[in-house]
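One structure below.
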Amino acid sequence: MSSAMAGAVDLSGLKARADAANRPAPAGGAAGAPPAPGDGGGPWVVDATEQGFQNEVLEPSLQVPVVVELWASRYPREEQLSAELERLATAGGGAWRLARVDIDTQPRVAQAFGVQQVPMLVVLVGGQPVDAVNGAVPDDRAAEWVQSLLDALRDRMPAIAEGERRAAAAGGDEPVEEPEDPRFTAAEDALEQGDYAAAEAAYQAVLDAEPAHEQAKAALAQVRVLA
């Protein structure tokens with residue numbers, strides 16, 4: 001964790017509120033469904049909320065870095081930076097995600113991050129902040145900043161490389177990657193349903209069959225962190 005974030009962040013309260021909001025509702029209705037991603041940003045960009053923070057931000061950060069863009073509707077927004085981050089996230093193919101938070105409508109998120117000025121960019125990895133930028137990154141340096149994050153984390157988070165391959169394939173630079181291993185699909189389905197024990201068992205089964213499977217090792221460790 002960078003010195004910018006040391007001692008400043010406690011996300012446990014947000015996770016607890018998200019857990020409560022996402023519990024199944026009594027018969028006759030459903031509650032806690034996370035809102036749809038932000039307009040125009042595709043699946044890698046989301047306007048995050050307190051209620052959906054676990055699904056929208058914390059869980060994805062177990063796979064890839066999530067950049068949380070904290071801004072306030074009462075102040076002029078850094079439109080160029082925001083647009084550039086959205087473009088980079090969309091073009092990245094899922095190598096990282098962008099979660100935008102209006103602290104005026106989500107004050108508990110601002111409190112959890114100890115926001116003192118906006119814009120503020122916080123990088124989450126494994127559900128924890130690892131870096132932060134107070135004030136805007138010049139939009140012409142945003143790509144360089146994002147690339148430095150990916151380079152620093154690629155060896156620790158295999159899903160970064162998967163996203164980069166997906167982006168390259170979409171751009172026609174290489175063939176579309178092979179279908180996902182069905183064993184991982186089962187584990188991910190269990191994870192989406194909140195069944196961490198089943199997800200852990202599925203990844204462990206992969207390792208029992210292939211002890212050197214690096215992706216399964218990383219996924220198993222991430223599931224245990226989430227559990």
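Ordering of the structure tokens sets the chain letters (A, B, ...), residue numbers begin anew at 1 in every chain, and ligands are numbered from 1 in the order given.
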Selection: 10 Å around Gly194 in chain A, only C-alpha atoms, excl. self and same-chain fewer than 5 positions, as a ChimeraX atom specification
/A:188-189,199,226-227
Check the DSSP output for the backbone and give back, as a ChimeraX atom specification, the residues of range 20-211 of chain A in strand (DSSP E).
/A:45-47,66-71,97-102,120-125,128-134
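Closest to Pro182 in chain A among A:Ala202, A:Leu58, A:Leu85, A:Val130 is A:Ala202, based on only C-alpha atoms.
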Could you list, as a PyMOL selection string, every residue within 10 Å of Tyr75 in chain A, counting only C-alpha atoms and ignoring same-chain residues fewer than 4 positions away?
chain A and resi 71+104+118-119
Considering only C-alpha atoms, return as JSON, numbers by chain whatever protein or nucleic-acid residues lie within 12 Å of Val115 in chain A, sequence-local ones (same chain, fewer than 2 positions apart) excluded.
{"A": [4, 5, 8, 9, 68, 69, 70, 71, 72, 101, 102, 103, 104, 106, 107, 108, 109, 110, 111, 112, 113, 117, 118, 119, 120, 121, 122, 132, 133, 134, 135]}
Please provide as a PyMOL selection string all residues within 12 Å of Thr185 in chain A, with the sequence filter that same-chain residues fewer than 4 positions apart are discarded (counting only C-alpha atoms).
chain A and resi 179-181+189-192+199+202-203+206+216+219
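If you look at CA of Arg156 in chain A and CA of Gln193 in chain A, they are 25.1 Å away from each other.
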If I take CA of Ala91 in chain A and CA of His213 in chain A, how far is one from the other in Å, to one decimal?
28.4 Å
Using only C-alpha atoms, determine which residues lie at most 12 Å from Ala161 in chain A, disregarding the query and same-chain residues fewer than 4 positions distant; provide the list as number ranges by chain.
A: 63-65, 92-96, 150-151, 153-157, 165-168, 177, 215
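Picture a line from CA of Arg74 in chain A to CA of Ala136 in chain A; it runs 16.4 Å.
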